[in-house]
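> Would you mind keeping the following structure in view while I ask a few things?
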Amino acid sequence: MNNPRMKDYARLGCVLFWCLAAGVMAVTSVITRHNSGDDFAKGDTDRVVVDSTGTLRLAPRTRHVECGDLLKDVWSINCLLVDKRHALYLGTSPNGTVIRILNDQAVQVYPKQTADPTVGDGFTNQHVFALALDVADRLLIGVSGQKGKLVRLGAEAETVFEDDKVQYIYAIALDSENNIYLGTGPEGLIFRLDPFCQSAEIFYDAQDKNILSLAIYEDILYAGTDQRGLIYKLSLDGKAQSVLYDSEQTEITALLTDAKGNVYAAATSAQAAAQQIRAAAEAMAKLPGRPDSDSSDEPKEDGLTLNTANSDQSSEDSQKGTSRPTPSPPQPPSARTAGQIYKITPDGFVTTIFSEMAVFYAVLMPDDVLWVGTGNDGRLYTVNPATEEKSIVYEDKLSAQITALTQMNGHFYVGLSNPARLIRLERAYEQQGLFRSQLIDAGQPARWGKIQLEADVPAGCEIRAASRSGNVKDPNDPTFSPWSEDVPITGPTDLQSPIGRFLQYRLRLVSSAEDKTPVVREAAISHVVPNVAPQVTSVKVSRSSDKNKPGIFEITFAAQDDNRDALIYKIEFRQVGRSRWILLKDDLTQPRFEWDGRTVEDGRYEIRVTADDSKSNSPDTALSGSRISDPFVIDNAPPEIFDAQVRVEDKAVVLTLTVRDALTVVGKVAFTVNSNERWKSILPEDLICDTLEEVFTVRIEGLDSGPNVIAVSVADDVGNTRYKSFEVQVP
């Protein structure tokens, strides 16, 4: 490079580079990452599924199943059942009706909508909690109310079981020989009927009030109770009876078994749920890593794969001001959580696989995946025990509880309560859905940078992003900026939101194919906070408590910097009333310093601590902040003795003296006679040392005749001591 002008340009370029670099050193760049189930569960979803592995995807397409006026007076859909014709039956409350849906036509099949006293004709306070099919595929209806009964629906409705001890039939189960078992209340009885609903007998009499759930595996009947939350294990031959598990919860609302004989139990507590919180984030917590299971990732199709830039994650966690505790291994359930799903192996080992602060109403297990319906947020979860993956697959915005679940023709049917509705979850994905994040707090007004996604976007799919910002911790506040325009995400994308402390981003997942969905694994949002002055938040000065350090003062302080810049400190002092500060120590990196107070004259002083971020900034951008201590006293001089008088009265000596200190309260005063090592303390005439000047009078009896020496020590409250002796002649 021989051209002088080119050399000048090069030098100018270097100068500009370093100036620009120095100018941005004070700016703190932070990347906030949302990449776990509990991160995403803290946001809001609309037709989007959140799972515990930290992914967002389109939800199954939902359709409201129309039942005409048949649900008009229904509060709750308690149970769902599918028969061999693919007819769907709904058991309801409070009028004890059963509705059948076949070929998209809904009709009430029980009770008949005519006056028929044998079936109740829809009188109130009747409930259908359980449905089943007998050996001939006839519908069995468990009717609960003032008097419980089992109704078999053939050509006509026929009551096939009644008992004076039964008001409620909560569960119906059939064994391999088609014998029928009824879980009843309020006497805690389990009845067994033959396949033709005859020969009714009490199979088991529990001490509990109600048998809420039943499940059969091979030759074992499992029964779940209320109040004590017990699971009974009963052999079908009646020879073995035991308690499989004693839950901490009050009710076992559902029982299921898998092909290996594992028992899955839904334990819940309405009392705990009365204090319900929105705890989906806790429910979606995930243990680090993943189990080594037979499941594998699906092969990627043609489309777009997005990746976020790597960064120091530990640094980001500290910048966010949050830490994520490592979850504990699964434990048996505790009473503090309203709902628990736990797995009990054939040898009796219990593991909690899902917890939520909600009541569990319905559980289904197709294809080794648990579906759990809860209240009072109308939320439907899936839980895969093998992979530990958990998802929120549906959340109803209108009904409070999901109380019934079943599967038919590859679709899932969801029975809801308060109000009663029937929803179908189809195999196809929704065409689009929204995810709105929780607020991201920068701590200070920040300039928001780019959003990056770790995601798979199949062909025919798209992810769009928008954002908004504000300075109030409430996204509904009118001062929040409007949502920016939705922008397709094909790589790092600028967030078009103004400077603000808080930001909320929105992802719109779009698919033109029923069998494809975008999958978001991570969202990374960057922001920068301009340099702000550090703050010294406290300054304390105190005399050292170490007796080996007389006159030493300990100066301690605390400081913070929102940019997390490295700080250096300067300590100055001055006497109160003076204006000029005197440097005591600079270039200090630790928040404490020891000062020898004997190096200055006695008086009242102040300390000023200044923190500056020049170590992380250029001279033009460095900032500082200071704080002044409360006034404190340096006093190295002992008190003075004035107006000392010694007089002899008979053989007693009376000593009177005034003790005065310039700065510190008079402290301990003592005397001794003739160098005796035992000093005796005396109190002032007003009996308390609380001022700078005190008068003391002491009468000394029993002195020997002749000369005596009385020694006095006077000290202030910080220990500065003066000694004085008086010689007196005793007659």
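Please note that chains go A, B, ... in the order of the structure tokens, that every chain numbers its residues from 1, and that ligands are numbered from 1 in the order shown.
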Based on the backbone DSSP call, show me all residues of range 104-274 of chain A assigned strand (DSSP E or B), as a short mmCIF file (atom, residue, chain, number, x, y, z; two decimals) with C-alpha atoms, in the first residue's frame.


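Contents of result-v2.cif, freshly written:
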```
data_model
loop_
_atom_site.label_atom_id
_atom_site.label_comp_id
_atom_site.auth_asym_id
_atom_site.auth_seq_id
_atom_site.Cartn_x
_atom_site.Cartn_y
_atom_site.Cartn_z
CA GLN A 105 -77.75 -37.35 14.78
CA ALA A 106 -78.26 -36.81 18.53
CA VAL A 107 -81.23 -38.38 20.32
CA GLN A 108 -82.10 -38.97 23.94
CA VAL A 109 -82.34 -42.71 24.52
CA TYR A 110 -82.81 -42.66 28.28
CA GLN A 126 -80.47 -38.03 38.77
CA HIS A 127 -76.96 -38.65 37.50
CA VAL A 128 -75.41 -41.07 35.04
CA PHE A 129 -71.80 -41.49 36.15
CA ALA A 130 -71.09 -44.83 34.44
CA LEU A 131 -71.90 -46.55 31.14
CA ALA A 132 -70.88 -49.97 29.85
CA LEU A 133 -71.85 -52.64 27.30
CA LEU A 139 -76.07 -50.45 27.01
CA LEU A 140 -75.72 -50.62 30.80
CA ILE A 141 -76.56 -47.36 32.55
CA GLY A 142 -75.51 -46.66 36.12
CA VAL A 143 -78.16 -44.29 37.50
CA SER A 144 -77.39 -42.41 40.73
CA LYS A 149 -79.98 -48.64 39.95
CA LEU A 150 -78.49 -50.38 36.93
CA VAL A 151 -80.59 -50.01 33.79
CA ARG A 152 -80.11 -52.20 30.72
CA LEU A 153 -81.19 -50.64 27.46
CA ALA A 157 -85.17 -49.76 29.32
CA GLU A 158 -85.10 -52.39 32.07
CA THR A 159 -83.94 -51.96 35.65
CA VAL A 160 -81.76 -55.03 36.29
CA PHE A 161 -80.26 -54.10 39.66
CA GLU A 162 -81.34 -52.16 42.74
CA VAL A 166 -76.99 -48.14 46.95
CA GLN A 167 -77.63 -44.54 45.98
CA TYR A 168 -74.76 -44.08 43.57
CA ILE A 169 -73.18 -46.21 40.85
CA TYR A 170 -69.85 -44.59 40.01
CA ALA A 171 -68.12 -47.29 37.96
CA ILE A 172 -68.91 -50.40 35.89
CA ALA A 173 -66.32 -52.99 34.85
CA LEU A 174 -66.53 -56.37 33.09
CA ILE A 180 -70.33 -57.19 35.77
CA TYR A 181 -68.84 -55.28 38.72
CA LEU A 182 -70.40 -52.13 40.15
CA GLY A 183 -68.58 -49.55 42.27
CA THR A 184 -71.22 -47.95 44.51
CA GLY A 185 -71.87 -45.57 47.39
CA PRO A 186 -72.49 -44.45 50.05
CA LEU A 189 -69.91 -51.77 48.31
CA ILE A 190 -68.72 -53.55 45.18
CA PHE A 191 -71.41 -55.75 43.62
CA ARG A 192 -70.91 -58.56 41.13
CA LEU A 193 -73.57 -59.65 38.63
CA GLU A 201 -73.93 -60.37 45.25
CA ILE A 202 -71.71 -58.17 47.39
CA PHE A 203 -68.23 -58.89 46.09
CA TYR A 204 -66.43 -56.59 48.57
CA ASP A 205 -67.50 -54.39 51.47
CA ILE A 211 -66.08 -46.76 45.27
CA LEU A 212 -65.31 -44.21 42.56
CA SER A 213 -63.36 -46.24 39.99
CA LEU A 214 -62.77 -49.82 38.87
CA ALA A 215 -60.27 -51.54 36.57
CA ILE A 216 -59.65 -55.23 35.82
CA TYR A 217 -56.41 -56.87 34.72
CA ILE A 220 -57.41 -58.84 39.64
CA LEU A 221 -59.99 -56.13 40.30
CA TYR A 222 -58.62 -52.73 41.31
CA ALA A 223 -60.95 -50.30 43.10
CA GLY A 224 -60.40 -46.63 43.96
CA THR A 225 -62.17 -44.91 46.86
CA LEU A 230 -57.17 -45.96 48.70
CA ILE A 231 -56.61 -48.40 45.85
CA TYR A 232 -57.78 -51.91 46.65
CA LYS A 233 -56.34 -55.02 44.98
CA LEU A 234 -58.95 -57.80 44.94
CA SER A 235 -58.59 -61.21 43.33
CA GLN A 241 -57.86 -58.79 49.36
CA SER A 242 -55.36 -56.01 50.07
CA VAL A 243 -54.66 -52.30 49.72
CA LEU A 244 -52.36 -51.67 46.78
CA TYR A 245 -51.69 -48.02 47.62
CA ASP A 246 -52.70 -45.37 50.16
CA GLU A 251 -60.19 -39.44 45.80
CA ILE A 252 -59.13 -41.99 43.21
CA THR A 253 -61.23 -40.78 40.29
CA ALA A 254 -59.93 -43.11 37.57
CA LEU A 255 -58.02 -46.37 37.20
CA LEU A 256 -56.43 -47.86 34.06
CA THR A 257 -54.16 -50.82 33.37
CA VAL A 263 -51.85 -49.60 37.08
CA TYR A 264 -52.35 -45.91 36.33
CA ALA A 265 -54.34 -44.05 38.96
CA ALA A 266 -55.73 -40.53 38.93
CA ALA A 267 -55.71 -39.22 42.49
CA THR A 268 -57.25 -35.87 43.20
#
```

> One decimal, in Å: what's the spacing between CA of Ile582 in chain A and CA of Thr621 in chain A?

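CA of Thr621 in chain A lies 25.6 Å from CA of Ile582 in chain A.
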
> Would you give me, as a tab-separated table, each residue of range 32-75 of chain A having an atom within 10 Å of an atom of range 402-411 of chain A, along with its shortest atom pair and that distance in Å to one decimal, using only C-alpha atoms and sorting by chain and residue number?


```
residue	atom	partner	partner_atom	distance
A:Pro60	CA	A:His411	CA	9.5
A:Arg61	CA	A:His411	CA	9.9
A:Thr62	CA	A:His411	CA	9.8
```

> Those selected residues, please, written with C-alpha atoms and delivered as a short mmCIF file (atom, residue, chain, number, x, y, z; two decimals), in the first residue's frame.


```cif
data_model
loop_
_atom_site.label_atom_id
_atom_site.label_comp_id
_atom_site.auth_asym_id
_atom_site.auth_seq_id
_atom_site.Cartn_x
_atom_site.Cartn_y
_atom_site.Cartn_z
CA PRO A 60 -55.53 -31.06 16.65
CA ARG A 61 -58.45 -29.55 14.82
CA THR A 62 -61.48 -29.19 17.09
#
```

> Using only C-alpha atoms, which protein or nucleic acid residues come within 10 Å of range 675-680 of chain A? Drop anything in the same chain fewer than 4 positions from it, and give the result as a list of chain:residue names.

A:Val669, A:Ala670, A:Phe671, A:Asn708, A:Val709, A:Ile710, A:Ala711, A:Val712, A:Ser713

> Go ahead and write the residues just picked, N, CA and C atoms, as a short mmCIF file (atom, residue, chain, number, x, y, z; two decimals), in the first residue's frame.


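Wrote selection.cif, looks like this:
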```cif
data_model
loop_
_atom_site.label_atom_id
_atom_site.label_comp_id
_atom_site.auth_asym_id
_atom_site.auth_seq_id
_atom_site.Cartn_x
_atom_site.Cartn_y
_atom_site.Cartn_z
N VAL A 669 -16.92 4.29 84.49
CA VAL A 669 -16.07 4.96 85.49
C VAL A 669 -15.88 3.99 86.66
N ALA A 670 -14.62 3.83 87.10
CA ALA A 670 -14.33 2.89 88.18
C ALA A 670 -13.21 3.46 89.04
N PHE A 671 -13.06 2.90 90.26
CA PHE A 671 -11.97 3.34 91.15
C PHE A 671 -11.38 2.12 91.85
N ASN A 708 -3.54 7.37 101.82
CA ASN A 708 -4.17 6.40 100.91
C ASN A 708 -4.19 7.01 99.50
N VAL A 709 -4.11 6.14 98.50
CA VAL A 709 -4.15 6.59 97.11
C VAL A 709 -5.40 6.01 96.44
N ILE A 710 -6.22 6.93 95.93
CA ILE A 710 -7.44 6.51 95.21
C ILE A 710 -7.20 6.76 93.72
N ALA A 711 -7.26 5.67 92.91
CA ALA A 711 -7.08 5.77 91.46
C ALA A 711 -8.44 5.67 90.79
N VAL A 712 -8.64 6.52 89.78
CA VAL A 712 -9.91 6.56 89.05
C VAL A 712 -9.63 6.34 87.56
N SER A 713 -10.45 5.47 86.91
CA SER A 713 -10.39 5.32 85.44
C SER A 713 -11.71 5.81 84.88
#
```

> Determine, counting only C-alpha atoms, which protein, DNA and RNA residues have an atom within 6 Å of an atom of Ile571 in chain A; residues of the same chain fewer than 4 positions away are not included. Present the result as a list in words.

Leu584, Lys585, Arg608 and Val609 of chain A

> May I have the residues within 12 Å of Lys547 in chain A as a ChimeraX atom specification, using only C-alpha atoms and disregarding those fewer than 5 positions away in the same chain?

/A:552-553,718-719

> I'd like to know which of A:Leu683, A:Val536, A:Val576, A:Val646 is closest to Ile634 in chain A, using only C-alpha atoms.

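Smallest distance to Ile634 in chain A is found for A:Val576.
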
> Applying 8 Å and only C-alpha atoms, which residues near Ala533 in chain A remain after dropping the ones on its own chain fewer than 3 positions away? List them as a compact mmCIF listing (two decimals) with C-alpha atoms, in the first residue's frame.


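Just written: part06.txt:
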```
# COMPACT_ATOMS: atom_id res chain seq x y z
CA ASP A 561 -24.90 -2.09 37.64
CA ASP A 612 -17.69 3.76 38.04
CA ASP A 613 -17.88 1.44 35.04
CA LEU A 623 -20.62 6.59 34.06
CA SER A 624 -20.44 6.67 37.83
CA GLY A 625 -22.68 6.79 40.87
```

> Residues within 8 Å of Val65 in chain A, please, as number ranges by chain. Count only C-alpha atoms; anything in the same chain fewer than 5 positions from it doesn't count.

A: 421-424

> Suppose we keep N, CA and C atoms; can you now write the selection as a PDB file, in the first residue's frame?


```pdb
ATOM      1  N   ARG A 421     -70.793 -29.360  27.038  1.00  0.00           N
ATOM      2  CA  ARG A 421     -70.562 -29.309  25.596  1.00  0.00           C
ATOM      3  C   ARG A 421     -69.789 -30.551  25.193  1.00  0.00           C
ATOM      4  N   LEU A 422     -69.864 -30.900  23.921  1.00  0.00           N
ATOM      5  CA  LEU A 422     -69.125 -32.038  23.388  1.00  0.00           C
ATOM      6  C   LEU A 422     -68.219 -31.544  22.272  1.00  0.00           C
ATOM      7  N   ILE A 423     -66.916 -31.847  22.398  1.00  0.00           N
ATOM      8  CA  ILE A 423     -65.916 -31.390  21.442  1.00  0.00           C
ATOM      9  C   ILE A 423     -65.240 -32.614  20.819  1.00  0.00           C
ATOM     10  N   ARG A 424     -64.994 -32.539  19.515  1.00  0.00           N
ATOM     11  CA  ARG A 424     -64.248 -33.596  18.831  1.00  0.00           C
ATOM     12  C   ARG A 424     -62.873 -33.076  18.434  1.00  0.00           C
TER      13      ARG A 424
END
```

> With distances taken over only C-alpha atoms, which of A:Leu370, A:Ala309, A:Ala155, A:Gly500 is nearest to Ser391 in chain A?

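Going through A:Leu370, A:Ala309, A:Ala155, A:Gly500 one by one, the smallest distance to Ser391 in chain A is for A:Leu370.
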
> Rounded to one decimal place, report the CA of Lys724 in chain A-CA of Glu694 in chain A distance in Å.

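Interatomic distance here is 16.4 Å.
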
> What's the separation between CA of Asp686 in chain A and CA of Val653 in chain A, in Å to one decimal place?

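We find that CA of Asp686 in chain A and CA of Val653 in chain A lie 20.6 Å from each other.
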
> Of the residues A:Ser29, A:Arg100, A:Thr664, A:Gln198, which is the one nearest to Asn531 in chain A, using only C-alpha atoms?

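For Asn531 in chain A, the nearest of the given residues is A:Ser29.
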
> Of the candidates A:Asp39, A:Ala644, A:Arg722, A:Thr53, which shows the shortest atom-to-atom distance to Thr387 in chain A, using only C-alpha atoms?

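The closest residue to Thr387 in chain A is A:Thr53.
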